[in-house]
file data_3.tsv (TSV, C-alpha atoms and all ligand atoms)
chain	number	residue	atom	x	y	z
A	11	MET	CA	-28.71	-32.33	135.04
A	12	LEU	CA	-27.36	-28.86	134.47
A	13	ILE	CA	-27.68	-26.96	131.20
A	14	VAL	CA	-24.87	-24.43	131.05
A	15	MET	CA	-25.61	-21.50	128.74
A	16	ARG	CA	-22.95	-19.76	126.67
A	17	HIS	CA	-21.52	-16.52	128.02
A	18	GLY	CA	-23.84	-13.83	126.67
A	19	ALA	CA	-26.74	-16.20	125.89
A	20	SER	CA	-29.90	-14.13	125.36
A	21	ALA	CA	-32.91	-14.09	127.68
A	22	GLU	CA	-34.89	-15.67	124.81
A	23	GLU	CA	-32.45	-18.58	124.56
A	24	ILE	CA	-32.66	-19.17	128.31
A	25	LYS	CA	-36.46	-19.05	128.17
A	26	ARG	CA	-36.44	-21.60	125.37
A	27	VAL	CA	-34.35	-24.02	127.45
A	28	VAL	CA	-36.76	-23.56	130.37
A	29	SER	CA	-39.81	-24.26	128.23
A	30	VAL	CA	-38.26	-27.36	126.60
A	31	ILE	CA	-37.45	-28.73	130.09
A	32	GLU	CA	-41.05	-28.09	131.15
A	33	GLU	CA	-42.42	-29.69	127.97
A	34	MET	CA	-40.37	-32.76	128.84
A	35	GLY	CA	-42.24	-32.90	132.16
A	36	TYR	CA	-39.50	-31.64	134.49
A	37	GLN	CA	-38.93	-28.46	136.45
A	38	ALA	CA	-36.42	-25.84	135.35
A	39	ARG	CA	-34.37	-23.73	137.78
A	40	PRO	CA	-32.51	-20.90	136.01
A	41	MET	CA	-29.47	-19.81	138.01
A	42	PRO	CA	-27.83	-16.62	136.80
A	43	GLY	CA	-24.12	-16.65	137.66
A	44	ALA	CA	-21.34	-14.08	137.53
A	45	GLN	CA	-20.02	-15.55	134.24
A	46	ARG	CA	-22.99	-17.31	132.70
A	47	THR	CA	-26.42	-18.68	133.44
A	48	ALA	CA	-27.04	-22.35	134.13
A	49	VAL	CA	-30.47	-23.95	134.07
A	50	GLY	CA	-30.96	-26.87	136.45
A	51	LEU	CA	-33.27	-29.70	135.44
A	52	VAL	CA	-35.06	-30.90	138.54
A	53	GLY	CA	-36.76	-34.27	138.86
A	54	ASN	CA	-34.45	-36.22	136.54
A	55	ASP	CA	-35.77	-39.79	136.63
A	56	GLY	CA	-32.96	-41.15	134.48
A	57	ARG	CA	-34.95	-40.94	131.24
A	58	VAL	CA	-34.00	-37.39	130.20
A	59	ASP	CA	-32.94	-37.10	126.57
A	60	ALA	CA	-29.97	-34.73	126.85
A	61	SER	CA	-29.56	-34.41	123.07
A	62	ARG	CA	-32.79	-32.39	122.88
A	63	LEU	CA	-31.24	-29.79	125.17
A	64	GLU	CA	-27.69	-29.91	123.81
A	65	GLY	CA	-28.89	-28.81	120.38
A	66	LEU	CA	-30.74	-25.70	121.55
A	67	PRO	CA	-29.34	-22.27	120.66
A	68	GLY	CA	-27.20	-20.68	123.36
A	69	VAL	CA	-26.41	-23.96	125.13
A	70	GLU	CA	-22.71	-24.46	125.90
A	71	GLU	CA	-22.87	-27.90	127.52
A	72	VAL	CA	-25.05	-30.30	129.44
A	73	ILE	CA	-23.52	-31.58	132.67
A	74	HIS	CA	-24.70	-34.78	134.26
A	75	VAL	CA	-24.43	-34.29	138.04
A	76	SER	CA	-22.66	-37.41	139.23
A	77	LYS	CA	-23.70	-37.26	142.89
A	78	PRO	CA	-26.97	-38.75	144.20
A	79	TYR	CA	-27.81	-35.35	145.68
A	80	LYS	CA	-28.14	-32.76	142.94
A	81	GLN	CA	-29.14	-29.22	143.95
A	82	VAL	CA	-27.06	-29.48	147.10
A	83	SER	CA	-23.86	-30.35	145.23
A	84	ARG	CA	-21.00	-28.09	144.16
A	85	GLU	CA	-21.37	-29.56	140.67
A	86	TRP	CA	-24.80	-27.92	140.53
A	87	LYS	CA	-23.73	-24.62	142.08
A	88	THR	CA	-20.06	-23.77	142.41
A	89	GLU	CA	-20.53	-20.55	144.43
A	90	SER	CA	-20.97	-21.02	148.18
A	91	THR	CA	-24.47	-20.30	149.46
A	92	VAL	CA	-24.79	-17.48	151.95
A	93	VAL	CA	-27.93	-17.75	154.09
A	94	ARG	CA	-29.09	-14.22	154.85
A	95	LEU	CA	-30.96	-13.61	158.07
A	96	PRO	CA	-32.62	-10.49	159.52
A	97	GLY	CA	-30.37	-7.76	160.89
A	98	GLY	CA	-27.64	-8.37	158.33
A	99	VAL	CA	-26.54	-11.70	159.84
A	100	ALA	CA	-25.23	-14.02	157.13
A	101	ILE	CA	-24.14	-17.66	157.43
A	102	GLY	CA	-21.69	-18.96	154.83
A	103	GLY	CA	-19.83	-15.72	154.10
A	104	ALA	CA	-16.65	-14.33	155.64
A	105	GLU	CA	-18.16	-14.10	159.11
A	106	VAL	CA	-18.33	-17.01	161.52
A	107	VAL	CA	-21.65	-16.96	163.35
A	108	VAL	CA	-22.03	-18.07	166.96
A	109	ILE	CA	-25.34	-19.59	168.07
A	110	ALA	CA	-25.54	-20.05	171.83
A	111	GLY	CA	-28.00	-20.64	174.61
A	112	PRO	CA	-29.40	-23.37	176.80
A	113	CYS	CA	-30.42	-26.82	175.60
A	114	SER	CA	-34.05	-26.15	176.59
A	115	VAL	CA	-36.16	-23.10	177.28
A	116	GLU	CA	-37.06	-23.74	180.93
A	117	ASN	CA	-38.74	-20.55	182.17
A	118	GLU	CA	-38.75	-16.82	181.49
A	119	ARG	CA	-36.03	-15.94	183.93
A	120	GLN	CA	-33.66	-18.64	182.66
A	121	ILE	CA	-34.01	-17.86	178.95
A	122	LEU	CA	-33.80	-14.08	179.40
A	123	GLU	CA	-30.74	-14.42	181.59
A	124	ALA	CA	-29.09	-16.81	179.14
A	125	ALA	CA	-29.92	-14.49	176.23
A	126	ARG	CA	-28.35	-11.47	177.96
A	127	GLN	CA	-25.27	-13.46	178.91
A	128	VAL	CA	-24.58	-14.94	175.46
A	129	ARG	CA	-25.25	-11.62	173.78
A	130	GLU	CA	-22.91	-9.84	176.12
A	131	ALA	CA	-20.19	-12.33	175.18
A	132	GLY	CA	-20.86	-11.83	171.43
A	133	ALA	CA	-23.31	-14.48	170.18
A	134	VAL	CA	-25.69	-13.32	167.44
A	135	ILE	CA	-28.26	-16.12	167.55
A	136	LEU	CA	-30.00	-17.56	170.61
A	137	ARG	CA	-30.71	-21.28	170.74
A	138	GLY	CA	-33.05	-23.11	173.10
A	139	GLY	CA	-35.50	-25.93	172.49
A	140	ALA	CA	-39.21	-25.45	173.12
A	141	TRP	CA	-39.73	-29.08	172.07
A	142	LYS	CA	-37.06	-31.52	173.16
A	143	PRO	CA	-36.39	-34.93	171.62
A	144	ARG	CA	-35.49	-36.91	174.76
A	145	SER	CA	-34.36	-40.53	174.94
A	146	SER	CA	-36.73	-41.11	177.87
A	147	PRO	CA	-40.42	-40.16	177.80
A	148	TYR	CA	-40.09	-39.28	181.51
A	149	SER	CA	-37.44	-36.60	180.91
A	150	PHE	CA	-38.37	-32.92	180.49
A	151	GLN	CA	-40.03	-32.63	177.07
A	152	GLY	CA	-39.91	-28.85	176.69
A	153	LEU	CA	-42.47	-26.10	177.27
A	154	GLY	CA	-43.96	-26.30	173.77
A	155	ARG	CA	-45.65	-23.18	172.40
A	156	PRO	CA	-45.21	-21.10	175.59
A	157	GLY	CA	-41.47	-21.71	175.13
A	158	LEU	CA	-41.67	-20.07	171.71
A	159	LYS	CA	-43.26	-17.00	173.29
A	160	LEU	CA	-40.38	-16.76	175.72
A	161	LEU	CA	-37.89	-16.97	172.86
A	162	ALA	CA	-39.72	-14.16	171.08
A	163	LYS	CA	-39.50	-12.10	174.25
A	164	ALA	CA	-35.77	-12.77	174.51
A	165	ARG	CA	-35.32	-11.57	170.93
A	166	GLU	CA	-37.28	-8.42	171.68
A	167	GLU	CA	-35.01	-7.66	174.63
A	168	THR	CA	-31.67	-8.58	173.16
A	169	ALA	CA	-32.05	-8.36	169.35
A	170	LEU	CA	-30.59	-11.85	169.11
A	171	LEU	CA	-32.04	-13.99	166.33
A	172	ILE	CA	-33.75	-17.25	167.31
A	173	CYS	CA	-32.93	-20.83	166.31
A	174	THR	CA	-35.16	-23.55	167.74
A	175	GLU	CA	-36.17	-27.11	166.92
A	176	ALA	CA	-39.35	-28.36	165.29
A	177	MET	CA	-40.12	-32.04	165.81
A	178	ASP	CA	-43.21	-32.53	163.65
A	179	PRO	CA	-45.07	-30.74	160.83
A	180	ASP	CA	-47.31	-28.80	163.28
A	181	GLY	CA	-44.18	-27.75	165.12
A	182	VAL	CA	-42.68	-26.52	161.84
A	183	ARG	CA	-45.67	-24.22	161.39
A	184	TRP	CA	-45.45	-22.84	164.93
A	185	VAL	CA	-41.67	-22.55	164.99
A	186	SER	CA	-41.54	-20.81	161.63
A	187	GLU	CA	-44.01	-18.17	162.87
A	188	VAL	CA	-41.52	-17.16	165.57
A	189	ALA	CA	-38.00	-18.39	164.85
A	190	ASP	CA	-35.46	-17.03	162.39
A	191	ILE	CA	-34.07	-20.54	161.84
A	192	VAL	CA	-36.02	-23.79	162.09
A	193	GLN	CA	-33.82	-26.53	163.52
A	194	ILE	CA	-34.25	-30.15	162.45
A	195	GLY	CA	-32.55	-32.32	165.04
A	196	ALA	CA	-30.24	-35.27	164.61
A	197	ARG	CA	-32.98	-37.77	165.44
A	198	ASN	CA	-35.18	-36.37	162.69
A	199	MET	CA	-32.59	-35.98	159.96
A	200	GLN	CA	-34.27	-38.73	157.97
A	201	ASN	CA	-37.85	-37.91	158.90
A	202	PHE	CA	-38.75	-37.23	155.30
A	203	SER	CA	-42.26	-35.89	155.85
A	204	LEU	CA	-40.83	-33.43	158.40
A	205	LEU	CA	-38.14	-32.41	155.91
A	206	LYS	CA	-40.79	-31.79	153.26
A	207	ALA	CA	-42.76	-29.62	155.70
A	208	ALA	CA	-39.59	-27.71	156.63
A	209	GLY	CA	-38.80	-27.29	152.94
A	210	ARG	CA	-42.10	-25.44	152.55
A	211	ALA	CA	-41.83	-23.41	155.77
A	212	GLY	CA	-40.42	-20.29	154.15
A	213	LYS	CA	-37.74	-19.97	156.84
A	214	PRO	CA	-34.05	-20.95	156.84
A	215	VAL	CA	-33.47	-24.48	158.13
A	216	LEU	CA	-30.61	-25.80	160.27
A	217	LEU	CA	-30.25	-29.50	159.50
A	218	LYS	CA	-28.27	-31.51	162.02
A	219	ARG	CA	-26.41	-34.66	161.04
A	220	GLY	CA	-28.05	-37.84	162.30
A	221	MET	CA	-26.09	-39.71	164.91
A	222	ALA	CA	-25.56	-42.65	162.56
A	223	ALA	CA	-25.76	-40.79	159.27
A	224	THR	CA	-23.09	-40.72	156.60
A	225	ILE	CA	-22.22	-37.41	154.99
A	226	THR	CA	-23.96	-38.59	151.80
A	227	GLU	CA	-27.14	-39.23	153.80
A	228	LEU	CA	-26.89	-35.77	155.39
A	229	LEU	CA	-26.62	-34.21	151.94
A	230	LEU	CA	-29.52	-36.29	150.61
A	231	SER	CA	-31.67	-35.07	153.50
A	232	ALA	CA	-30.69	-31.50	152.64
A	233	GLU	CA	-31.73	-32.26	149.05
A	234	TYR	CA	-35.30	-32.83	150.33
A	235	LEU	CA	-35.34	-29.23	151.58
A	236	LEU	CA	-33.99	-27.79	148.34
A	237	ALA	CA	-36.31	-29.99	146.29
A	238	GLU	CA	-39.23	-28.29	148.09
A	239	GLY	CA	-37.84	-24.91	147.07
A	240	ASN	CA	-36.05	-23.95	150.29
A	241	HIS	CA	-32.49	-22.95	149.43
A	242	ASP	CA	-31.68	-21.40	152.81
A	243	VAL	CA	-30.24	-24.50	154.39
A	244	ILE	CA	-27.43	-24.67	156.95
A	245	LEU	CA	-25.87	-28.04	157.74
A	246	CYS	CA	-24.60	-28.95	161.20
A	247	GLU	CA	-22.05	-31.52	162.31
A	248	ARG	CA	-22.95	-32.62	165.85
A	249	GLY	CA	-21.06	-35.86	166.28
A	250	VAL	CA	-21.87	-39.42	165.32
A	251	ARG	CA	-22.08	-42.44	167.55
A	252	GLY	CA	-18.68	-44.07	167.99
A	253	PHE	CA	-17.54	-47.20	169.81
A	254	ASP	CA	-15.95	-45.30	172.67
A	255	THR	CA	-18.36	-44.15	175.36
A	256	ILE	CA	-15.90	-41.81	177.05
A	257	THR	CA	-17.46	-38.92	175.10
A	258	ARG	CA	-21.17	-38.76	174.25
A	259	ASN	CA	-20.46	-38.81	170.51
A	260	LEU	CA	-17.56	-38.82	168.09
A	261	PHE	CA	-17.30	-35.22	166.92
A	262	ASP	CA	-16.41	-35.45	163.23
A	263	ILE	CA	-14.48	-32.27	162.50
A	264	SER	CA	-13.34	-33.71	159.17
A	265	ALA	CA	-16.98	-33.47	158.02
A	266	ILE	CA	-16.50	-29.68	157.78
A	267	PRO	CA	-13.95	-29.60	154.92
A	268	VAL	CA	-15.51	-32.71	153.35
A	269	VAL	CA	-18.95	-31.10	153.16
A	270	GLN	CA	-17.46	-27.83	151.92
A	271	LYS	CA	-15.91	-29.68	148.99
A	272	LEU	CA	-19.07	-31.62	148.13
A	273	SER	CA	-21.69	-28.94	148.75
A	274	HIS	CA	-22.18	-25.19	148.40
A	275	LEU	CA	-24.28	-25.08	151.59
A	276	PRO	CA	-22.83	-23.56	154.77
A	277	ILE	CA	-21.85	-25.94	157.56
A	278	ILE	CA	-21.63	-25.15	161.24
A	279	ALA	CA	-20.52	-27.38	164.12
A	280	ASP	CA	-22.05	-28.23	167.49
A	281	PRO	CA	-19.28	-29.35	169.85
A	282	SER	CA	-21.74	-29.49	172.78
A	283	HIS	CA	-23.70	-32.48	171.50
A	284	GLY	CA	-20.52	-33.57	169.71
A	285	THR	CA	-18.70	-34.29	172.95
A	286	GLY	CA	-21.28	-34.13	175.74
A	287	LEU	CA	-18.74	-32.86	178.26
A	288	ARG	CA	-18.26	-29.23	179.18
A	289	ASP	CA	-14.48	-29.25	179.32
A	290	LYS	CA	-14.27	-30.96	175.89
A	291	VAL	CA	-16.63	-28.44	174.28
A	292	ILE	CA	-14.19	-25.56	174.47
A	293	PRO	CA	-11.21	-27.11	172.61
A	294	MET	CA	-13.53	-28.70	170.05
A	295	ALA	CA	-15.28	-25.37	169.42
A	296	ARG	CA	-11.88	-23.79	168.81
A	297	ALA	CA	-10.97	-26.66	166.48
A	298	ALA	CA	-14.23	-26.33	164.52
A	299	VAL	CA	-13.54	-22.65	163.84
A	300	ALA	CA	-9.96	-23.50	162.84
A	301	ALA	CA	-11.30	-26.20	160.49
A	302	GLY	CA	-13.38	-23.60	158.66
A	303	ALA	CA	-16.87	-24.03	160.11
A	304	ASP	CA	-19.23	-21.23	159.08
A	305	GLY	CA	-20.50	-21.07	162.63
A	306	ILE	CA	-20.65	-22.88	165.94
A	307	MET	CA	-23.60	-23.80	168.12
A	308	VAL	CA	-22.75	-23.96	171.81
A	309	GLU	CA	-24.95	-24.77	174.80
A	310	VAL	CA	-24.63	-22.20	177.59
A	311	HIS	CA	-26.75	-22.12	180.75
A	312	PRO	CA	-26.87	-19.48	183.53
A	313	ASN	CA	-26.67	-22.34	186.04
A	314	PRO	CA	-25.68	-25.60	184.29
A	315	ASP	CA	-25.96	-27.65	187.49
A	316	ALA	CA	-29.68	-26.90	187.61
A	317	ALA	CA	-30.34	-27.40	183.86
A	318	LEU	CA	-33.35	-29.52	182.94
A	319	SER	CA	-31.44	-31.03	180.01
A	320	ASP	CA	-27.81	-31.38	178.92
A	321	GLY	CA	-26.33	-29.65	181.97
A	322	ALA	CA	-23.07	-31.62	181.78
A	323	GLN	CA	-22.25	-30.20	178.36
A	324	SER	CA	-23.52	-26.66	178.99
A	325	LEU	CA	-20.86	-24.02	179.48
A	326	PHE	CA	-20.93	-21.59	182.38
A	327	PRO	CA	-21.41	-18.06	181.02
A	328	ASP	CA	-17.86	-17.00	181.92
A	329	GLN	CA	-16.44	-20.04	180.08
A	330	PHE	CA	-18.45	-19.04	177.04
A	331	ALA	CA	-17.13	-15.47	177.21
A	332	GLN	CA	-13.57	-16.84	177.32
A	333	LEU	CA	-14.31	-19.13	174.36
A	334	MET	CA	-15.57	-16.13	172.37
A	335	ARG	CA	-12.32	-14.27	173.02
A	336	GLU	CA	-10.37	-17.28	171.79
A	337	VAL	CA	-12.37	-17.96	168.63
A	338	ARG	CA	-12.07	-14.31	167.58
A	339	VAL	CA	-8.31	-14.80	167.41
A	340	ILE	CA	-8.59	-18.16	165.61
A	341	ALA	CA	-11.01	-16.79	163.02
A	342	GLU	CA	-8.63	-13.96	162.20
A	343	VAL	CA	-5.77	-16.38	161.57
A	344	ILE	CA	-7.77	-18.05	158.78
A	345	GLY	CA	-8.93	-14.76	157.27
A	346	ARG	CA	-12.39	-14.72	158.81
A	347	ARG	CA	-14.03	-12.89	161.70
A	348	ILE	CA	-16.64	-13.66	164.30
A	349	ALA	CA	-19.97	-11.92	163.58
A	350	GLU	CA	-20.76	-9.32	166.24
A	351	PRO	CA	-24.26	-8.63	167.58
A	352	ALA	CA	-26.14	-5.61	166.30
A	353	PRO	CA	-26.76	-2.85	168.84
A	354	VAL	CA	-30.10	-3.29	170.62
A	355	GLY	CA	-32.77	-1.17	168.96
A	356	ALA	CA	-30.83	-0.99	165.67
A	401	LIG	C1	-30.26	-29.81	170.44
A	401	LIG	O1	-29.68	-29.04	169.67
A	401	LIG	O2	-30.75	-29.46	171.53
A	401	LIG	C2	-30.36	-31.24	170.10
A	401	LIG	C3	-31.30	-32.02	170.62
A	401	LIG	O3	-29.38	-31.62	169.28
A	401	LIG	P1	-29.24	-32.97	168.40
A	401	LIG	O4	-30.47	-33.04	167.55
A	401	LIG	O5	-27.98	-32.70	167.61
A	401	LIG	O6	-29.09	-34.11	169.36
A	402	MN	MN	-29.04	-30.29	174.08
call {"tool": "encode", "arguments": {"input": "data_3.tsv", "output": "structure tokens"}}
result
Amino acid sequence: MLIVMRHGASAEEIKRVVSVIEEMGYQARPMPGAQRTAVGLVGNDGRVDASRLEGLPGVEEVIHVSKPYKQVSREWKTESTVVRLPGGVAIGGAEVVVIAGPCSVENERQILEAARQVREAGAVILRGGAWKPRSSPYSFQGLGRPGLKLLAKAREETALLICTEAMDPDGVRWVSEVADIVQIGARNMQNFSLLKAAGRAGKPVLLKRGMAATITELLLSAEYLLAEGNHDVILCERGVRGFDTITRNLFDISAIPVVQKLSHLPIIADPSHGTGLRDKVIPMARAAVAAGADGIMVEVHPNPDAALSDGAQSLFPDQFAQLMREVRVIAEVIGRRIAEPAPVGA
């Protein structure tokens, strides 16, 4: 439920609404806007007596949010959320942000080389898993905490920001000590205790769509993060499982405009996991930017044939550089631009 205050409502009137909400046993979230302030009522269990709030001085109207997700919806907040990261990088504004790097952090040489290569081509955020959710327990599981150290070293050298996955609540703690963005993977999209931990991590979260999740379920999972007080949430379309096995997944580009209509949160797209095949990644990355994605996440490896995970979908560095040149042109056509890396040492 959203209590919209009149234009020019006084601070006293807003405070009164907040204290009545709290007296009723709910949480109040005042949200000052360009035109007027709205106060969100969090924790609505269906028994809220709206008339008590409607009659308060300074209240314009009480809006019942119709969607099952509340704080994530555009009904709750009409302005798009911009997630602000160190170094002036922002996701959800005019700039389209490119996150690139290998599937996994494999060793120091590999991650440093990948970081230099993607930075050179124009990425602003380095990806690379230190913990890897693998279908087989016998596949490479990631380096764990030493992998995080290597990512930190890559950031030191290149000034790229770091996005990496946490698979359990301990991992959230470790990842949030090092990373600029904590990634929650597709397989964990509905791991609700992990979402609660990530909601309290104090770091921006990248939430990937589950491989069999509807858009409503994705937004409800994001609601867990906001309900814990974390508003810096970036959604990610990464393909859902389809009936055709010719690509790894069915990359749902339509999710981009659909989510943008339903939610104020930024949405990026991952055509690498979306298609699973290197030569399909490039056109789908171009299409995602054309569709209005706030960013793309692309797997790039210095030597994809030797990759310990997801080699078949990892771009060669020169392919990635070519893709960057192409998406710069596409972004401009739709009135946006690709974010450029800050100079090292800036
Ligand atoms: C990844 O980004 O490396 C990953 C495992 O992706 P997803 O969770 O989308 O499968
Ligand atoms: Mn991968």
call {"tool": "residues_near_ligand", "arguments": {"input": "data_3.tsv", "ligand": "ligand MN 402 (chain A)", "cutoff": "12 Å", "atoms": "all atoms listed in the file", "output": "PDB file with C-alpha atoms, in the frame of the given file"}}
result
ATOM      1  CA  ALA A 110     -25.540 -20.050 171.830  1.00  0.00           C
ATOM      2  CA  GLY A 111     -28.000 -20.640 174.610  1.00  0.00           C
ATOM      3  CA  PRO A 112     -29.400 -23.370 176.800  1.00  0.00           C
ATOM      4  CA  CYS A 113     -30.420 -26.820 175.600  1.00  0.00           C
ATOM      5  CA  SER A 114     -34.050 -26.150 176.590  1.00  0.00           C
ATOM      6  CA  VAL A 115     -36.160 -23.100 177.280  1.00  0.00           C
ATOM      7  CA  ARG A 137     -30.710 -21.280 170.740  1.00  0.00           C
ATOM      8  CA  GLY A 138     -33.050 -23.110 173.100  1.00  0.00           C
ATOM      9  CA  GLY A 139     -35.500 -25.930 172.490  1.00  0.00           C
ATOM     10  CA  ALA A 140     -39.210 -25.450 173.120  1.00  0.00           C
ATOM     11  CA  TRP A 141     -39.730 -29.080 172.070  1.00  0.00           C
ATOM     12  CA  LYS A 142     -37.060 -31.520 173.160  1.00  0.00           C
ATOM     13  CA  PRO A 143     -36.390 -34.930 171.620  1.00  0.00           C
ATOM     14  CA  ARG A 144     -35.490 -36.910 174.760  1.00  0.00           C
ATOM     15  CA  SER A 145     -34.360 -40.530 174.940  1.00  0.00           C
ATOM     16  CA  PHE A 150     -38.370 -32.920 180.490  1.00  0.00           C
ATOM     17  CA  GLN A 151     -40.030 -32.630 177.070  1.00  0.00           C
ATOM     18  CA  GLY A 152     -39.910 -28.850 176.690  1.00  0.00           C
ATOM     19  CA  THR A 174     -35.160 -23.550 167.740  1.00  0.00           C
ATOM     20  CA  GLU A 175     -36.170 -27.110 166.920  1.00  0.00           C
ATOM     21  CA  GLY A 195     -32.550 -32.320 165.040  1.00  0.00           C
ATOM     22  CA  ALA A 196     -30.240 -35.270 164.610  1.00  0.00           C
ATOM     23  CA  ARG A 248     -22.950 -32.620 165.850  1.00  0.00           C
ATOM     24  CA  ARG A 258     -21.170 -38.760 174.250  1.00  0.00           C
ATOM     25  CA  ASP A 280     -22.050 -28.230 167.490  1.00  0.00           C
ATOM     26  CA  PRO A 281     -19.280 -29.350 169.850  1.00  0.00           C
ATOM     27  CA  SER A 282     -21.740 -29.490 172.780  1.00  0.00           C
ATOM     28  CA  HIS A 283     -23.700 -32.480 171.500  1.00  0.00           C
ATOM     29  CA  GLY A 284     -20.520 -33.570 169.710  1.00  0.00           C
ATOM     30  CA  THR A 285     -18.700 -34.290 172.950  1.00  0.00           C
ATOM     31  CA  GLY A 286     -21.280 -34.130 175.740  1.00  0.00           C
ATOM     32  CA  LEU A 287     -18.740 -32.860 178.260  1.00  0.00           C
ATOM     33  CA  ARG A 288     -18.260 -29.230 179.180  1.00  0.00           C
ATOM     34  CA  MET A 307     -23.600 -23.800 168.120  1.00  0.00           C
ATOM     35  CA  VAL A 308     -22.750 -23.960 171.810  1.00  0.00           C
ATOM     36  CA  GLU A 309     -24.950 -24.770 174.800  1.00  0.00           C
ATOM     37  CA  VAL A 310     -24.630 -22.200 177.590  1.00  0.00           C
ATOM     38  CA  HIS A 311     -26.750 -22.120 180.750  1.00  0.00           C
ATOM     39  CA  PRO A 314     -25.680 -25.600 184.290  1.00  0.00           C
ATOM     40  CA  ALA A 317     -30.340 -27.400 183.860  1.00  0.00           C
ATOM     41  CA  LEU A 318     -33.350 -29.520 182.940  1.00  0.00           C
ATOM     42  CA  SER A 319     -31.440 -31.030 180.010  1.00  0.00           C
ATOM     43  CA  ASP A 320     -27.810 -31.380 178.920  1.00  0.00           C
ATOM     44  CA  GLY A 321     -26.330 -29.650 181.970  1.00  0.00           C
ATOM     45  CA  ALA A 322     -23.070 -31.620 181.780  1.00  0.00           C
ATOM     46  CA  GLN A 323     -22.250 -30.200 178.360  1.00  0.00           C
ATOM     47  CA  SER A 324     -23.520 -26.660 178.990  1.00  0.00           C
ATOM     48  CA  LEU A 325     -20.860 -24.020 179.480  1.00  0.00           C
TER      49      LEU A 325
END
call {"tool": "atom_distance", "arguments": {"input": "data_3.tsv", "atom1": "atom CA of A:Leu66", "atom2": "atom CA of A:Ala19"}}
result
11.2 Å
call {"tool": "residues_around", "arguments": {"input": "data_3.tsv", "residues": "A:Ala38", "least_positions_apart": "3", "cutoff": "10 Å", "atoms": "all atoms listed in the file", "output": "list in words"}}
result
Leu12, Ile13, Lys25, Val27, Val28, Ser29, Val30, Ile31, Glu32, Gly35, Met41, Val49, Gly50, Leu51, Val52 and Gly53 of chain A
call {"tool": "write_last_selection", "arguments": {"input": "data_3.tsv", "atoms": "C-alpha atoms", "output": "CSV table (one decimal), keeping the file's coordinate frame"}}
result
chain,number,residue,atom,x,y,z
A,12,LEU,CA,-27.4,-28.9,134.5
A,13,ILE,CA,-27.7,-27.0,131.2
A,25,LYS,CA,-36.5,-19.0,128.2
A,27,VAL,CA,-34.4,-24.0,127.4
A,28,VAL,CA,-36.8,-23.6,130.4
A,29,SER,CA,-39.8,-24.3,128.2
A,30,VAL,CA,-38.3,-27.4,126.6
A,31,ILE,CA,-37.4,-28.7,130.1
A,32,GLU,CA,-41.0,-28.1,131.2
A,35,GLY,CA,-42.2,-32.9,132.2
A,41,MET,CA,-29.5,-19.8,138.0
A,49,VAL,CA,-30.5,-24.0,134.1
A,50,GLY,CA,-31.0,-26.9,136.4
A,51,LEU,CA,-33.3,-29.7,135.4
A,52,VAL,CA,-35.1,-30.9,138.5
A,53,GLY,CA,-36.8,-34.3,138.9
call {"tool": "closest_residue", "arguments": {"input": "data_3.tsv", "among": "A:Gly103, A:Gly249, A:Gly68, A:Gly305", "to": "A:Arg46", "atoms": "only C-alpha atoms"}}
result
A:Gly68
call {"tool": "residues_around", "arguments": {"input": "data_3.tsv", "residues": "A:Ala189", "least_positions_apart": "5", "cutoff": "8 Å", "atoms": "all atoms listed in the file", "output": "VMD selection string"}}
result
chain A and resid 158 162 171 to 174
call {"tool": "atom_distance", "arguments": {"input": "data_3.tsv", "atom1": "atom CA of A:Ala279", "atom2": "atom CA of A:Arg335"}}
result
17.8 Å
call {"tool": "residues_near_point", "arguments": {"input": "data_3.tsv", "point": "(-23.8, -18.0, 154.8)", "cutoff": "6 Å", "atoms": "all atoms listed in the file", "output": "list of chain:residue names"}}
result
A:Thr91, A:Val92, A:Val93, A:Ala100, A:Ile101, A:Gly102, A:Gly103, A:Pro276
call {"tool": "closest_residue", "arguments": {"input": "data_3.tsv", "among": "A:Leu216, A:Val269, A:Leu230, A:Ile194", "to": "A:Lys77", "atoms": "all atoms listed in the file"}}
result
A:Leu230
call {"tool": "closest_residue", "arguments": {"input": "data_3.tsv", "among": "A:Leu245, A:Val188, A:Arg347, A:Val182", "to": "A:Ser273", "atoms": "only C-alpha atoms"}}
result
A:Leu245
call {"tool": "atom_distance", "arguments": {"input": "data_3.tsv", "atom1": "atom CA of A:Glu85", "atom2": "atom CA of A:Gly98"}}
result
28.3 Å
call {"tool": "closest_residue", "arguments": {"input": "data_3.tsv", "among": "A:Glu336, A:Glu233, A:Glu247, A:Glu130", "to": "ligand LIG 401 (chain A)", "atoms": "all atoms listed in the file"}}
result
A:Glu247
call {"tool": "closest_residue", "arguments": {"input": "data_3.tsv", "among": "A:Ile266, A:Ala341, A:Val99, A:Ala131", "to": "A:Gln329", "atoms": "only C-alpha atoms"}}
result
A:Ala131
call {"tool": "closest_residue", "arguments": {"input": "data_3.tsv", "among": "A:Asp289, A:Glu89, A:Asp328, A:Asp304", "to": "A:Ile244", "atoms": "only C-alpha atoms"}}
result
A:Asp304
call {"tool": "axis_aligned_box", "arguments": {"input": "data_3.tsv", "around": "ligand LIG 401 (chain A)", "padding_each_side": "5 Å", "output": "JSON"}}
result
{"center_x": -29.6, "center_y": -31.6, "center_z": 169.5, "size_x": 13.3, "size_y": 15.1, "size_z": 14.0}
call {"tool": "residues_around", "arguments": {"input": "data_3.tsv", "residues": "A:Leu236", "least_positions_apart": "2", "cutoff": "12 Å", "atoms": "only C-alpha atoms", "output": "JSON, numbers by chain"}}
result
{"A": [39, 52, 53, 79, 80, 81, 82, 83, 205, 206, 207, 208, 209, 210, 211, 212, 214, 215, 217, 229, 230, 231, 232, 233, 234, 238, 239, 240, 241, 242, 243, 244, 275]}
call {"tool": "residues_around", "arguments": {"input": "data_3.tsv", "residues": "A:Glu105", "least_positions_apart": "6", "cutoff": "6 Å", "atoms": "all atoms listed in the file", "output": "PyMOL selection string"}}
result
chain A and resi 346-349
